[in-house]
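A.B. asks: Okay, so here is target08.txt, and as you'll see once you scroll down, it has compact mmCIF, C-alpha atoms.
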# COMPACT_ATOMS: atom_id res chain seq x y z
CA MET A 13 74.25 68.95 105.16
CA ARG A 14 76.44 68.04 102.15
CA PHE A 15 74.30 70.25 99.96
CA LEU A 16 74.80 73.17 102.34
CA ILE A 17 78.58 72.75 102.35
CA ILE A 18 78.72 72.52 98.56
CA PHE A 19 76.42 75.54 98.24
CA ILE A 20 78.57 77.65 100.57
CA PHE A 21 81.70 76.63 98.69
CA LEU A 22 80.19 77.61 95.36
CA ILE A 23 78.90 81.02 96.43
CA THR A 24 82.05 82.24 98.14
CA ASN A 25 84.69 84.19 96.28
CA VAL A 26 87.66 82.48 97.80
CA VAL A 27 89.87 79.75 96.54
CA ALA A 28 91.94 77.49 98.71
CA GLU A 29 95.47 77.87 97.46
CA GLU A 30 97.83 75.64 99.35
CA LEU A 31 100.36 77.50 101.44
CA HIS A 32 102.04 74.84 103.50
CA GLY A 33 101.98 75.76 107.18
CA ILE A 34 99.79 78.86 106.77
CA LYS A 35 96.23 78.00 107.64
CA ASN A 36 94.72 81.44 108.19
CA ILE A 37 95.15 83.05 104.79
CA VAL A 38 92.11 83.70 102.60
CA ILE A 39 92.86 84.14 98.91
CA HIS A 40 90.10 85.76 96.89
CA LYS A 41 89.13 84.12 93.63
CA ILE A 42 88.04 87.55 92.40
CA PRO A 43 90.03 90.48 93.86
CA LYS A 44 87.96 93.03 95.77
CA THR A 45 87.97 96.74 95.09
CA HIS A 46 87.62 99.16 98.01
CA ASP A 47 86.93 102.85 97.50
CA ASN A 48 88.40 105.62 99.64
CA VAL A 49 90.89 103.60 101.66
CA ILE A 50 92.24 106.50 103.68
CA PHE A 51 94.01 106.43 107.03
CA LEU A 52 96.15 108.80 109.07
CA ASP A 53 99.87 109.11 109.66
CA LYS A 54 101.30 110.17 113.02
CA ASN A 55 100.82 113.84 112.07
CA ASP A 56 97.11 113.29 111.30
CA GLN A 57 97.77 113.66 107.58
CA LYS A 58 95.57 111.56 105.30
CA ILE A 59 97.16 108.66 103.41
CA ASN A 60 95.24 107.30 100.43
CA ILE A 61 96.31 103.91 99.05
CA ASN A 62 95.50 105.13 95.53
CA GLU A 63 98.77 107.06 95.75
CA TYR A 64 100.59 103.70 95.95
CA THR A 65 99.12 101.99 92.88
CA GLY A 66 101.84 99.88 91.31
CA ASN A 67 103.07 98.64 94.68
CA LEU A 68 102.24 95.51 96.63
CA LEU A 69 100.56 96.90 99.75
CA ILE A 70 100.17 95.23 103.10
CA LEU A 71 97.68 96.81 105.48
CA ASN A 72 98.26 95.29 108.89
CA PHE A 73 95.58 96.15 111.46
CA TRP A 74 96.80 95.88 115.05
CA ALA A 75 96.61 97.25 118.60
CA THR A 76 99.19 97.60 121.40
CA TRP A 77 97.16 95.38 123.75
CA CYS A 78 97.05 92.52 121.23
CA GLU A 79 99.54 89.75 122.09
CA PRO A 80 99.42 88.08 118.64
CA CYS A 81 100.12 91.53 117.14
CA LYS A 82 103.24 91.79 119.31
CA ASP A 83 104.31 88.34 118.17
CA GLU A 84 104.02 89.02 114.44
CA MET A 85 105.20 92.64 114.29
CA PRO A 86 108.97 91.85 114.28
CA SER A 87 108.55 89.49 111.31
CA LEU A 88 106.47 92.13 109.52
CA ASN A 89 109.29 94.60 110.17
CA LYS A 90 111.77 92.20 108.53
CA LEU A 91 109.41 91.62 105.60
CA GLN A 92 109.57 95.33 104.72
CA ALA A 93 113.37 95.08 104.58
CA ASN A 94 113.44 91.85 102.54
CA PRO A 95 115.57 92.54 99.43
CA GLU A 96 113.54 90.00 97.42
CA LEU A 97 110.45 92.19 97.89
CA ASP A 98 111.57 95.54 96.52
CA ASN A 99 108.08 96.72 95.55
CA ILE A 100 106.33 96.21 98.89
CA LYS A 101 104.91 98.90 101.17
CA ILE A 102 103.67 98.03 104.65
CA PHE A 103 101.14 100.15 106.50
CA ALA A 104 100.73 99.09 110.14
CA ILE A 105 97.39 100.66 111.04
CA ASN A 106 96.53 100.92 114.73
CA ILE A 107 92.81 100.41 115.34
CA GLY A 108 93.00 100.67 119.13
CA LYS A 109 92.39 104.44 119.24
CA GLU A 110 95.63 104.64 121.22
CA THR A 111 97.80 107.70 121.79
CA LEU A 112 100.82 108.41 119.63
CA ASP A 113 103.06 108.05 122.72
CA LYS A 114 101.72 104.57 123.47
CA VAL A 115 102.09 103.50 119.83
CA ASN A 116 105.63 104.91 119.61
CA LYS A 117 106.60 103.04 122.79
CA PHE A 118 105.21 99.83 121.28
CA PHE A 119 107.39 100.34 118.17
CA ILE A 120 110.47 101.16 120.27
CA ASP A 121 109.96 98.17 122.59
CA LEU A 122 109.72 95.81 119.58
CA ASN A 123 112.51 97.57 117.67
CA ILE A 124 110.28 98.29 114.66
CA LYS A 125 112.29 100.55 112.35
CA ASN A 126 111.37 99.64 108.77
CA PHE A 127 107.93 101.28 108.68
CA GLU A 128 105.91 103.88 110.56
CA PRO A 129 102.70 103.46 112.54
CA TYR A 130 99.45 104.67 111.02
CA PHE A 131 96.03 105.17 112.53
CA ASP A 132 92.48 104.17 111.65
CA PRO A 133 90.49 107.34 110.92
CA PRO A 134 87.16 108.17 112.55
CA THR A 135 85.34 106.63 109.54
CA THR A 136 87.10 103.37 110.49
CA LEU A 137 88.67 101.09 107.97
CA ALA A 138 87.97 98.30 110.45
CA LYS A 139 84.30 98.59 109.44
CA MET A 140 85.05 99.02 105.74
CA PHE A 141 87.13 95.83 105.66
CA SER A 142 84.72 93.97 108.00
CA LEU A 143 87.52 93.05 110.39
CA ARG A 144 86.60 90.45 112.96
CA GLY A 145 89.66 90.90 115.14
CA VAL A 146 93.31 91.82 115.24
CA PRO A 147 95.71 91.20 113.83
CA THR A 148 94.25 91.13 110.36
CA THR A 149 96.38 91.78 107.31
CA ILE A 150 94.93 92.89 103.98
CA LEU A 151 97.05 92.20 100.88
CA ILE A 152 96.51 94.63 98.00
CA ASN A 153 97.90 94.02 94.52
CA LYS A 154 99.52 96.55 92.17
CA ASP A 155 96.09 97.41 90.76
CA GLY A 156 94.82 98.48 94.19
CA GLN A 157 92.63 95.41 94.77
CA GLU A 158 92.48 93.17 97.81
CA PHE A 159 93.58 89.75 96.62
CA ALA A 160 94.00 88.06 100.01
CA ARG A 161 93.89 88.57 103.74
CA VAL A 162 95.44 86.97 106.77
CA ILE A 163 93.08 86.52 109.69
CA GLY A 164 95.15 86.29 112.85
CA SER A 165 98.90 86.30 113.15
CA ILE A 166 101.48 84.62 110.95
CA ASP A 167 105.24 84.54 110.63
CA PHE A 168 105.89 86.94 107.76
CA GLU A 169 109.38 85.44 107.43
CA ASP A 170 107.96 82.01 106.59
CA LYS A 171 109.67 80.88 103.36
CA ASN A 172 106.42 79.55 101.91
CA PHE A 173 104.73 82.90 102.50
CA ILE A 174 107.65 84.82 101.00
CA ASN A 175 107.82 82.60 97.91
CA TRP A 176 104.08 83.03 97.42
CA ILE A 177 104.01 86.79 97.97
CA LYS A 178 106.92 87.30 95.54
CA LYS A 179 104.48 86.49 92.71
CA TYR A 180 102.68 89.74 93.50
CA ASN A 181 105.78 91.88 93.95
Written as structure tokens, how would this file's structure read?
C.D. replies:
Amino acid sequence: MRFLIIFIFLITNVVAEELHGIKNIVIHKIPKTHDNVIFLDKNDQKININEYTGNLLILNFWATWCEPCKDEMPSLNKLQANPELDNIKIFAINIGKETLDKVNKFFIDLNIKNFEPYFDPPTTLAKMFSLRGVPTTILINKDGQEFARVIGSIDFEDKNFINWIKKYN
């Protein structure tokens, strides 16, 4: 059993970086490159993350029916407005195949004003990123590589998270 645990640890590309109080963040030892990360805005126009190289990108995958998504969305909204993170761009990507009206109501009900909703295209980023549930947040560095992900919800206003993410801003 010990051999198996050591073997799994050695073959994975993640490193456990201590973020006090945040247990569900996975930090990649070697950043991952994803090709053709394209999603849709509310007018069905394609958004390609390659157009945002040089920015710290946060791709937050969510759905209106997801209670943890509702819990974390207000803190994500405040993260976008954080003056210490002037190079951050948040894309809240709905993967629930929900109508624009339902998504807009969700944003209005939670008073989300600092970013717009986006939508997973028919090719589904959920599959590309191998999402296992929502919310899941993909963190992409200025070079366009995934350097970490949050599996489940977190408080994006957590001081430890903000101090850590500032290194990538």
A.B. asks: In Å, rounded to a single decimal, give me how far CA of Ile163 (chain A) is from CA of Gly145 (chain A).
C.D. replies: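 If I compute the distance from CA of Gly145 (chain A) to CA of Ile163 (chain A), I get 7.8 Å.
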A.B. asks: Between A:Pro95, A:Gly164, A:Gly66, A:Pro43, single out the one closest to Thr149 (chain A), counting only C-alpha atoms.
C.D. replies: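 Distance minimum relative to Thr149 (chain A) lands on A:Gly164.
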A.B. asks: What is the CA of Leu69 (chain A) to CA of Ile39 (chain A) distance in Å?
C.D. replies: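 Straight-line distance from CA of Leu69 (chain A) to CA of Ile39 (chain A) works out to 14.9 Å.
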A.B. asks: Find the residue from A:Phe51, A:Asp56, A:Asn106, A:Leu71 that sits nearest to Asn153 (chain A); use only C-alpha atoms when measuring.
C.D. replies: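 With only C-alpha atoms as the atom set, the closest residue is A:Leu71.
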A.B. asks: Which residue out of A:Lys154, A:Lys44, A:Lys139, A:Lys90 has the minimum interatomic distance to Leu68 (chain A) when all atoms listed in the file are used?
C.D. replies: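 Checking each candidate against Leu68 (chain A), we get A:Lys154 as the closest.
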A.B. asks: Between A:Val146, A:Ala75, A:Ile61, A:Val162, which is the closest to Leu112 (chain A) once you count only C-alpha atoms?
C.D. replies: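 Of A:Val146, A:Ala75, A:Ile61, A:Val162, the one nearest Leu112 (chain A) is A:Ala75, counting only C-alpha atoms.
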A.B. asks: Provide an axis-aligned box for all listed atoms of region 64-78 of chain A, padding each side by 3 Å; report its centre and its edge lengths in Å to one decimal, as AutoDock Vina command-line options.
C.D. replies:
--center_x 99.3 --center_y 98.1 --center_z 107.5 --size_x 13.5 --size_y 17.2 --size_z 38.4
A.B. asks: Rounded to one decimal, what separation in Å do you get between CA of Val38 (chain A) and CA of Phe73 (chain A)?
C.D. replies: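 So the two atoms, CA of Val38 (chain A) and CA of Phe73 (chain A), lie 15.7 Å apart.
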A.B. asks: Determine the nearest neighbour of Asn36 (chain A) from the options A:Lys178, A:Lys82, A:Lys114, A:Arg161, counting all atoms listed in the file.
C.D. replies: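 Looking at the shortest contact to Asn36 (chain A), the residue is A:Arg161.
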A.B. asks: In terms of the shortest atom-to-atom distance over all atoms listed in the file, which of A:Lys125, A:Ile102, A:Gly156, A:Ile177 is closest to Glu63 (chain A)?
C.D. replies: A:Gly156
A.B. asks: Could all heavy atoms be built for region 170-181 of chain A and written out as a compact mmCIF listing (two decimals), keeping the file's coordinate frame?
C.D. replies:
# COMPACT_ATOMS: atom_id res chain seq x y z
N ASP A 170 108.14 83.37 107.05
CA ASP A 170 107.96 82.01 106.59
C ASP A 170 108.32 81.92 105.10
O ASP A 170 107.83 82.71 104.28
CB ASP A 170 106.50 81.59 106.81
CG ASP A 170 106.23 80.18 106.38
OD1 ASP A 170 106.08 79.95 105.16
OD2 ASP A 170 106.15 79.29 107.26
N LYS A 171 109.19 80.98 104.75
CA LYS A 171 109.67 80.88 103.36
C LYS A 171 108.54 80.61 102.38
O LYS A 171 108.55 81.12 101.26
CB LYS A 171 110.74 79.80 103.26
CG LYS A 171 112.04 80.20 103.92
CD LYS A 171 113.09 79.14 103.81
CE LYS A 171 114.32 79.62 104.57
NZ LYS A 171 115.42 78.70 104.49
N ASN A 172 107.55 79.82 102.80
CA ASN A 172 106.42 79.55 101.91
C ASN A 172 105.63 80.83 101.64
O ASN A 172 105.21 81.08 100.52
CB ASN A 172 105.51 78.48 102.51
CG ASN A 172 106.18 77.14 102.56
OD1 ASN A 172 106.83 76.72 101.62
ND2 ASN A 172 106.05 76.46 103.68
N PHE A 173 105.44 81.63 102.67
CA PHE A 173 104.73 82.90 102.50
C PHE A 173 105.52 83.82 101.57
O PHE A 173 104.97 84.40 100.64
CB PHE A 173 104.48 83.58 103.84
CG PHE A 173 103.82 84.93 103.70
CD1 PHE A 173 102.45 85.01 103.48
CD2 PHE A 173 104.56 86.09 103.78
CE1 PHE A 173 101.83 86.25 103.32
CE2 PHE A 173 103.96 87.32 103.62
CZ PHE A 173 102.60 87.41 103.40
N ILE A 174 106.82 83.93 101.81
CA ILE A 174 107.65 84.82 101.00
C ILE A 174 107.67 84.38 99.53
O ILE A 174 107.52 85.20 98.63
CB ILE A 174 109.08 84.91 101.58
CG1 ILE A 174 108.97 85.57 102.94
CG2 ILE A 174 110.03 85.61 100.62
CD1 ILE A 174 110.12 86.25 103.51
N ASN A 175 107.83 83.09 99.29
CA ASN A 175 107.82 82.60 97.91
C ASN A 175 106.48 82.87 97.23
O ASN A 175 106.43 83.20 96.04
CB ASN A 175 108.16 81.11 97.86
CG ASN A 175 109.62 80.86 98.15
OD1 ASN A 175 110.47 81.72 97.93
ND2 ASN A 175 109.91 79.70 98.70
N TRP A 176 105.39 82.77 97.98
CA TRP A 176 104.08 83.03 97.42
C TRP A 176 103.88 84.52 97.14
O TRP A 176 103.44 84.91 96.07
CB TRP A 176 103.00 82.51 98.39
CG TRP A 176 101.61 82.89 97.99
CD1 TRP A 176 100.87 82.35 96.98
CD2 TRP A 176 100.80 83.90 98.59
NE1 TRP A 176 99.65 82.96 96.91
CE2 TRP A 176 99.58 83.92 97.90
CE3 TRP A 176 100.99 84.79 99.64
CZ2 TRP A 176 98.55 84.78 98.22
CZ3 TRP A 176 99.97 85.64 99.97
CH2 TRP A 176 98.77 85.64 99.26
N ILE A 177 104.25 85.36 98.10
CA ILE A 177 104.01 86.79 97.97
C ILE A 177 104.89 87.42 96.87
O ILE A 177 104.53 88.44 96.28
CB ILE A 177 104.16 87.52 99.33
CG1 ILE A 177 103.45 88.88 99.33
CG2 ILE A 177 105.61 87.73 99.70
CD1 ILE A 177 101.98 88.79 99.44
N LYS A 178 106.03 86.80 96.59
CA LYS A 178 106.92 87.30 95.54
C LYS A 178 106.21 87.35 94.19
O LYS A 178 106.54 88.18 93.34
CB LYS A 178 108.18 86.44 95.42
CG LYS A 178 109.24 86.79 96.44
CD LYS A 178 110.59 86.23 96.10
CE LYS A 178 110.67 84.73 96.28
NZ LYS A 178 112.05 84.23 96.18
N LYS A 179 105.23 86.49 93.98
CA LYS A 179 104.48 86.49 92.71
C LYS A 179 103.73 87.80 92.50
O LYS A 179 103.41 88.15 91.38
CB LYS A 179 103.48 85.33 92.68
CG LYS A 179 104.11 83.95 92.68
CD LYS A 179 103.06 82.88 92.47
CE LYS A 179 102.35 82.58 93.77
NZ LYS A 179 101.39 81.46 93.67
N TYR A 180 103.44 88.50 93.58
CA TYR A 180 102.68 89.74 93.50
C TYR A 180 103.54 90.98 93.58
O TYR A 180 103.06 92.10 93.46
CB TYR A 180 101.63 89.77 94.62
CG TYR A 180 100.65 88.65 94.52
CD1 TYR A 180 100.87 87.44 95.20
CD2 TYR A 180 99.53 88.74 93.70
CE1 TYR A 180 99.98 86.38 95.09
CE2 TYR A 180 98.64 87.69 93.59
CZ TYR A 180 98.88 86.52 94.29
OH TYR A 180 97.99 85.48 94.16
N ASN A 181 104.83 90.78 93.80
CA ASN A 181 105.78 91.88 93.95
C ASN A 181 106.06 92.46 92.58
O ASN A 181 106.55 93.40 92.31
CB ASN A 181 107.04 91.36 94.64
CG ASN A 181 108.01 92.46 94.99
OD1 ASN A 181 107.63 93.49 95.51
ND2 ASN A 181 109.25 92.25 94.69
